[in-house]
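What's in input32.cif: mmCIF, C-alpha atoms
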data_start
loop_
_atom_site.group_PDB
_atom_site.id
_atom_site.type_symbol
_atom_site.label_atom_id
_atom_site.label_comp_id
_atom_site.auth_asym_id
_atom_site.auth_seq_id
_atom_site.Cartn_x
_atom_site.Cartn_y
_atom_site.Cartn_z
ATOM 1 C CA VAL B 128 60.390 30.948 -0.090
ATOM 2 C CA LEU B 129 58.391 31.935 2.967
ATOM 3 C CA LEU B 130 55.014 32.189 1.240
ATOM 4 C CA GLN B 131 53.422 31.653 -2.145
ATOM 5 C CA HIS B 132 49.866 32.907 -2.384
ATOM 6 C CA PHE B 133 47.703 34.110 -5.302
ATOM 7 C CA GLY B 134 50.564 34.993 -7.633
ATOM 8 C CA VAL B 135 52.838 36.485 -4.998
ATOM 9 C CA LEU B 136 56.052 35.096 -3.517
ATOM 10 C CA ALA B 137 57.592 36.275 -0.266
ATOM 11 C CA VAL B 138 61.250 35.294 0.160
ATOM 12 C CA LEU B 139 63.774 35.920 2.912
ATOM 13 C CA LYS B 140 66.605 38.182 1.756
ATOM 14 C CA PRO B 141 69.800 37.880 3.784
ATOM 15 C CA PRO B 142 72.042 40.908 4.342
ATOM 16 C CA ASP B 143 74.839 41.805 1.910
ATOM 17 C CA LEU B 144 73.059 40.459 -1.168
ATOM 18 C CA VAL B 145 71.545 42.653 -3.890
ATOM 19 C CA SER B 146 67.752 42.305 -4.265
ATOM 20 C CA GLU B 147 68.037 42.123 -8.053
ATOM 21 C CA GLY B 148 70.414 39.144 -7.809
ATOM 22 C CA ILE B 149 67.995 37.274 -5.567
ATOM 23 C CA ILE B 150 65.138 38.001 -7.962
ATOM 24 C CA GLU B 151 67.218 36.657 -10.878
ATOM 25 C CA GLN B 152 67.822 33.442 -8.905
ATOM 26 C CA ILE B 153 64.099 33.157 -8.142
ATOM 27 C CA GLN B 154 63.348 33.659 -11.848
ATOM 28 C CA GLU B 155 65.728 30.837 -12.805
ATOM 29 C CA ASN B 156 64.211 28.486 -10.206
ATOM 30 C CA VAL B 157 60.609 29.288 -11.189
ATOM 31 C CA LEU B 158 61.342 28.808 -14.912
ATOM 32 C CA GLN B 159 63.087 25.470 -14.218
ATOM 33 C CA LEU B 160 59.892 24.322 -12.495
ATOM 34 C CA GLY B 161 57.834 25.394 -15.537
ATOM 35 C CA GLY B 162 56.452 28.510 -13.881
ATOM 36 C CA PRO B 163 55.901 32.014 -15.254
ATOM 37 C CA ASN B 164 58.205 35.014 -15.302
ATOM 38 C CA VAL B 165 58.556 36.953 -12.069
ATOM 39 C CA THR B 166 58.270 40.709 -11.556
ATOM 40 C CA GLN B 167 60.176 42.748 -9.004
ATOM 41 C CA VAL B 168 57.732 44.833 -6.960
ATOM 42 C CA SER B 169 60.010 46.004 -4.140
ATOM 43 C CA ARG B 170 63.630 45.982 -3.088
ATOM 44 C CA LEU B 171 65.714 46.038 0.066
ATOM 45 C CA ASP B 172 69.048 47.805 0.534
ATOM 46 C CA VAL B 173 72.106 45.576 0.173
ATOM 47 C CA ARG B 174 72.862 45.581 3.909
ATOM 48 C CA THR B 175 69.219 44.963 4.881
ATOM 49 C CA SER B 176 67.783 41.542 5.612
ATOM 50 C CA GLY B 177 64.053 40.949 5.405
ATOM 51 C CA ILE B 178 61.136 39.793 3.330
ATOM 52 C CA LEU B 179 61.304 40.545 -0.380
ATOM 53 C CA VAL B 180 58.021 40.445 -2.332
ATOM 54 C CA VAL B 181 57.945 39.207 -5.937
ATOM 55 C CA ALA B 182 54.927 38.827 -8.236
ATOM 56 C CA LEU B 183 54.504 35.695 -10.332
ATOM 57 C CA GLY B 184 53.876 36.762 -13.916
ATOM 58 C CA SER B 185 55.047 39.509 -16.247
ATOM 59 C CA CYS B 186 54.792 43.178 -15.321
ATOM 60 C CA ALA B 187 51.483 43.229 -17.228
ATOM 61 C CA SER B 188 50.010 40.364 -15.173
ATOM 62 C CA THR B 189 47.141 40.866 -12.756
ATOM 63 C CA SER B 190 49.222 39.778 -9.773
ATOM 64 C CA ALA B 191 52.094 42.160 -10.613
ATOM 65 C CA ASN B 192 49.711 45.082 -11.199
ATOM 66 C CA TYR B 193 47.894 44.398 -7.939
ATOM 67 C CA VAL B 194 51.050 44.223 -5.815
ATOM 68 C CA LEU B 195 52.708 47.173 -7.590
ATOM 69 C CA ALA B 196 49.577 49.224 -6.888
ATOM 70 C CA GLN B 197 49.768 48.270 -3.203
ATOM 71 C CA PHE B 198 53.331 49.615 -2.970
ATOM 72 C CA ALA B 199 52.655 52.687 -5.147
ATOM 73 C CA GLY B 200 49.607 53.580 -3.048
ATOM 74 C CA ARG B 201 51.636 53.137 0.160
ATOM 75 C CA LEU B 202 49.248 50.411 1.281
ATOM 76 C CA ALA B 203 51.995 47.837 1.889
ATOM 77 C CA LEU B 204 53.038 48.110 5.538
ATOM 78 C CA LYS B 205 56.824 47.934 5.843
ATOM 79 C CA THR B 206 58.292 47.401 9.304
ATOM 80 C CA TYR B 207 62.004 47.282 10.085
ATOM 81 C CA HIS B 208 63.670 46.411 13.394
ATOM 82 C CA CYS B 209 66.839 48.466 13.751
ATOM 83 C CA LEU B 210 69.631 48.313 16.314
ATOM 84 C CA CYS B 211 71.089 51.796 16.738
ATOM 85 C CA SER B 212 74.036 53.072 18.708
ATOM 86 C CA GLY B 213 73.542 55.967 21.082
ATOM 87 C CA SER B 214 71.298 56.716 24.011
ATOM 88 C CA CYS B 215 67.593 55.982 23.833
ATOM 89 C CA LEU B 216 65.197 58.427 22.165
ATOM 90 C CA GLY B 217 62.686 57.810 24.951
ATOM 91 C CA SER B 218 61.263 55.125 27.181
ATOM 92 C CA TYR B 219 59.872 51.822 25.930
ATOM 93 C CA GLY B 220 56.899 52.515 23.666
ATOM 94 C CA SER B 221 57.888 56.105 22.865
ATOM 95 C CA LYS B 222 56.816 57.153 19.369
ATOM 96 C CA SER B 223 58.242 59.818 17.113
ATOM 97 C CA VAL B 224 58.259 60.795 13.452
ATOM 98 C CA ASN B 225 61.258 62.012 11.484
ATOM 99 C CA SER B 226 60.154 64.128 8.513
ATOM 100 C CA ALA B 227 63.538 65.476 7.424
ATOM 101 C CA PRO B 228 63.632 65.832 3.609
ATOM 102 C CA LEU B 229 66.300 63.766 1.830
ATOM 103 C CA SER B 230 68.524 64.400 -1.196
ATOM 104 C CA VAL B 231 70.617 61.938 -3.155
ATOM 105 C CA GLU B 232 73.986 62.934 -4.579
ATOM 106 C CA VAL B 233 75.076 60.588 -7.368
ATOM 107 C CA GLY B 234 78.773 60.175 -8.140
ATOM 108 C CA GLU B 235 80.579 58.146 -10.798
ATOM 109 C CA ASP B 236 80.442 54.852 -8.916
ATOM 110 C CA SER B 237 78.520 55.641 -5.742
ATOM 111 C CA SER B 238 75.699 57.694 -4.315
ATOM 112 C CA ARG B 239 75.058 59.377 -0.990
ATOM 113 C CA THR B 240 71.727 60.141 0.663
ATOM 114 C CA PHE B 241 71.593 63.012 3.159
ATOM 115 C CA VAL B 242 69.187 65.337 4.952
ATOM 116 C CA SER B 243 68.636 68.557 2.994
ATOM 117 C CA VAL B 244 66.019 71.304 3.274
ATOM 118 C CA SER B 245 65.779 71.224 -0.531
ATOM 119 C CA GLY B 246 65.368 67.428 -0.618
ATOM 120 C CA GLN B 247 62.346 65.254 -1.342
ATOM 121 C CA GLU B 248 59.661 64.570 1.236
ATOM 122 C CA ALA B 249 60.653 61.691 3.519
ATOM 123 C CA CYS B 250 58.814 60.464 6.585
ATOM 124 C CA THR B 251 59.718 57.652 9.005
ATOM 125 C CA SER B 252 57.692 56.582 12.035
ATOM 126 C CA LEU B 253 59.807 55.339 14.964
ATOM 127 C CA LEU B 254 58.826 53.261 18.004
ATOM 128 C CA VAL B 255 61.295 52.510 20.814
ATOM 129 C CA LYS B 256 61.264 48.765 21.539
ATOM 130 C CA ALA B 257 64.214 48.450 23.959
ATOM 131 C CA SER B 258 67.385 50.080 25.196
ATOM 132 C CA TYR B 259 70.662 48.456 26.189
ATOM 133 C CA CYS B 260 73.820 49.554 27.941
ATOM 134 C CA LEU B 261 77.100 47.677 27.729
ATOM 135 C CA THR B 262 79.427 48.465 30.587
ATOM 136 C CA GLY B 263 82.903 49.291 29.354
ATOM 137 C CA GLN B 264 85.613 46.781 30.153
ATOM 138 C CA ARG B 265 89.386 47.168 30.255
ATOM 139 C CA GLY B 266 89.205 50.947 30.133
ATOM 140 C CA LEU B 267 86.659 51.123 27.280
ATOM 141 C CA PRO B 268 83.729 53.533 27.671
ATOM 142 C CA ASP B 269 80.158 52.382 28.273
ATOM 143 C CA GLU B 270 78.085 51.952 25.107
ATOM 144 C CA SER B 271 74.353 52.560 24.699
ATOM 145 C CA PHE B 272 72.115 50.942 22.107
ATOM 146 C CA MET B 273 68.456 51.138 21.199
ATOM 147 C CA LEU B 274 66.133 48.767 19.347
ATOM 148 C CA VAL B 275 63.675 50.713 17.197
ATOM 149 C CA GLU B 276 60.752 49.667 15.059
ATOM 150 C CA ALA B 277 60.920 51.892 11.973
ATOM 151 C CA ARG B 278 58.115 52.271 9.453
ATOM 152 C CA PRO B 279 58.897 54.300 6.343
ATOM 153 C CA ILE B 280 55.867 56.267 5.212
ATOM 154 C CA THR B 281 57.716 57.312 2.057
ATOM 155 C CA GLY B 282 60.296 55.138 0.331
ATOM 156 C CA ARG B 283 63.467 57.107 -0.257
ATOM 157 C CA THR B 284 66.881 55.518 -0.781
ATOM 158 C CA HIS B 285 68.475 54.684 2.588
ATOM 159 C CA GLN B 286 65.684 56.622 4.294
ATOM 160 C CA ILE B 287 65.700 54.809 7.654
ATOM 161 C CA ARG B 288 69.486 54.721 7.834
ATOM 162 C CA VAL B 289 69.784 58.466 7.115
ATOM 163 C CA HIS B 290 66.903 59.500 9.370
ATOM 164 C CA LEU B 291 68.340 57.587 12.346
ATOM 165 C CA ALA B 292 71.852 58.918 11.694
ATOM 166 C CA SER B 293 70.441 62.461 11.552
ATOM 167 C CA LEU B 294 69.154 61.911 15.094
ATOM 168 C CA GLY B 295 72.629 60.833 16.218
ATOM 169 C CA ARG B 296 71.566 57.174 16.338
ATOM 170 C CA PRO B 297 73.373 55.401 13.464
ATOM 171 C CA LEU B 298 72.538 51.797 12.678
ATOM 172 C CA VAL B 299 74.889 49.186 14.091
ATOM 173 C CA SER B 300 76.561 47.439 11.114
#

Could I get this file's structure written as structure tokens?
Amino acid sequence: VLLQHFGVLAVLKPPDLVSEGIIEQIQENVLQLGGPNVTQVSRLDVRTSGILVVALGSCASTSANYVLAQFAGRLALKTYHCLCSGSCLGSYGSKSVNSAPLSVEVGEDSSRTFVSVSGQEACTSLLVKASYCLTGQRGLPDESFMLVEARPITGRTHQIRVHLASLGRPLVS
């Protein structure tokens, strides 16, 4: 737990764990300590690490309603630092916005998000923080990387990942 304040918990989610599993663990710990139920108010993709926000109380509680309203009204500022492969999109401090609409194709046991003119509105603000070049060794080619600060304006599934890939700058796994 990074922060507990006025009915809200902020916890650090490591990569490769499902948000819902972490929230279940938080619920168990809070109940063992005699606390209230917890309510999920946001989620992070499995491969994403970062701060996960949880409300203390049921979904009808004041704290849950307040935080849910913050996310629904797009008042919660979400900032992601992403390492991408490929040449830089501009010099340090360069800003851009990717507004490519996104669609989700759901299969039997997986889904895929992709850019589509008939997709839902999706908007991501990008800020170049740094660029790196690794000189190839032993006959390997040079590799370029870029550190980007990404801020999703909308909240589509895999939005940042898909928007960066659509620019030819996929996230480094």

Item to check | Nearby residues, (75.7, 39.6, -0.2) file frame, 12 Å, all atoms listed in the file, as an NGL selection string | outcome: :B and (140-149 or 171-176)

Checklist entry - Expanded to explicit residues, what is the PyMOL selection byres ((chain B and resi 184-199) around 9) for this file, as a ChimeraX atom specification? => result /B:133-135,162-169,180-183,200-204

Item to check | Hits from the PyMOL selection byres ((chain B and resi 261) around 12), listed as a list in words | outcome: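 That selection, the PyMOL selection byres ((chain B and resi 261) around 12), comes back as Ser212, Gly213, Ser214, Ser258, Tyr259, Cys260, Thr262, Gly263, Gln264, Leu267, Pro268, Asp269, Glu270, Ser271, Phe272 and Met273 of chain B.
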
Include C-alpha atoms and write out the residues we just selected as a CSV table (one decimal), in the frame of the given file.
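The resulting file, part16.csv, is shown below:
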chain,number,residue,atom,x,y,z
B,212,SER,CA,74.0,53.1,18.7
B,213,GLY,CA,73.5,56.0,21.1
B,214,SER,CA,71.3,56.7,24.0
B,258,SER,CA,67.4,50.1,25.2
B,259,TYR,CA,70.7,48.5,26.2
B,260,CYS,CA,73.8,49.6,27.9
B,262,THR,CA,79.4,48.5,30.6
B,263,GLY,CA,82.9,49.3,29.4
B,264,GLN,CA,85.6,46.8,30.2
B,267,LEU,CA,86.7,51.1,27.3
B,268,PRO,CA,83.7,53.5,27.7
B,269,ASP,CA,80.2,52.4,28.3
B,270,GLU,CA,78.1,52.0,25.1
B,271,SER,CA,74.4,52.6,24.7
B,272,PHE,CA,72.1,50.9,22.1
B,273,MET,CA,68.5,51.1,21.2

Checklist entry - Hey, which of B:Arg239, B:His132, B:Arg170, B:Lys205 ends up closest to B:Arg288? Count only C-alpha atoms. => result B:Arg239

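The closest residue to B:Val242, picked from B:Gln131, B:Thr284, B:Ser223, B:Gln159 and counting all atoms listed in the file, is B:Thr284.
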
Item to check | Between atom CA of B:Arg278 and atom CA of B:Thr251, distance in Å (one decimal) | outcome: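 Straight-line distance from atom CA of B:Arg278 to atom CA of B:Thr251 works out to 5.6 Å.
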
Next on the checklist: I'd like the contact shell of B:Leu274 - 6 Å cut-off, only C-alpha atoms, skipping same-chain residues fewer than 2 positions apart - returned as a PyMOL selection string.
Outcome noted: chain B and resi 209-210+256-257

Item to check | Point-to-point distance from atom CA of B:Glu235 to atom CA of B:Glu151, Å rounded to tenths | outcome: 25.3 Å

Checklist entry - So which one's closest to B:Leu254, B:Cys211, B:Leu216, B:Ile287, B:Leu158? Using only C-alpha atoms, please. => result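 Checking each candidate against B:Leu254, we get B:Leu216 as the closest.
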
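Evaluated against this file, the PyMOL selection byres ((chain B and resi 250) around 10) yields Val224, Asn225, Ser226, Ala227, Pro228, Leu229, Gln247, Glu248, Ala249, Thr251, Ser252, Leu253, Arg278, Pro279, Ile280, Thr281, Gly282, Arg283, Gln286, Ile287 and His290 of chain B.
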
Item to check | Minimum-distance residue to B:Cys215, chosen among B:Leu294, B:Leu179, B:Leu139, B:Ile150 (using all atoms listed in the file) | outcome: B:Leu294

Item to check | Distance of atom CA of B:His208 from atom CA of B:Val244, expressed in Å to one decimal place | outcome: 27.0 Å

Next on the checklist: Given the point (60.9, 49.9, 12.2) in the coordinates of this file, which residues lie within 6 Å, counting all atoms listed in the file, and how would they look as a ChimeraX atom specification?
Outcome noted: /B:206-208,275-278

How big is the axis-aligned box around all listed atoms of stretch 140-151 of chain B once 6 Å goes on each side, and where's its centre, in Å to one decimal, as AutoDock Vina command-line options?
--center_x 70.0 --center_y 39.7 --center_z -3.3 --size_x 21.7 --size_y 18.0 --size_z 27.2
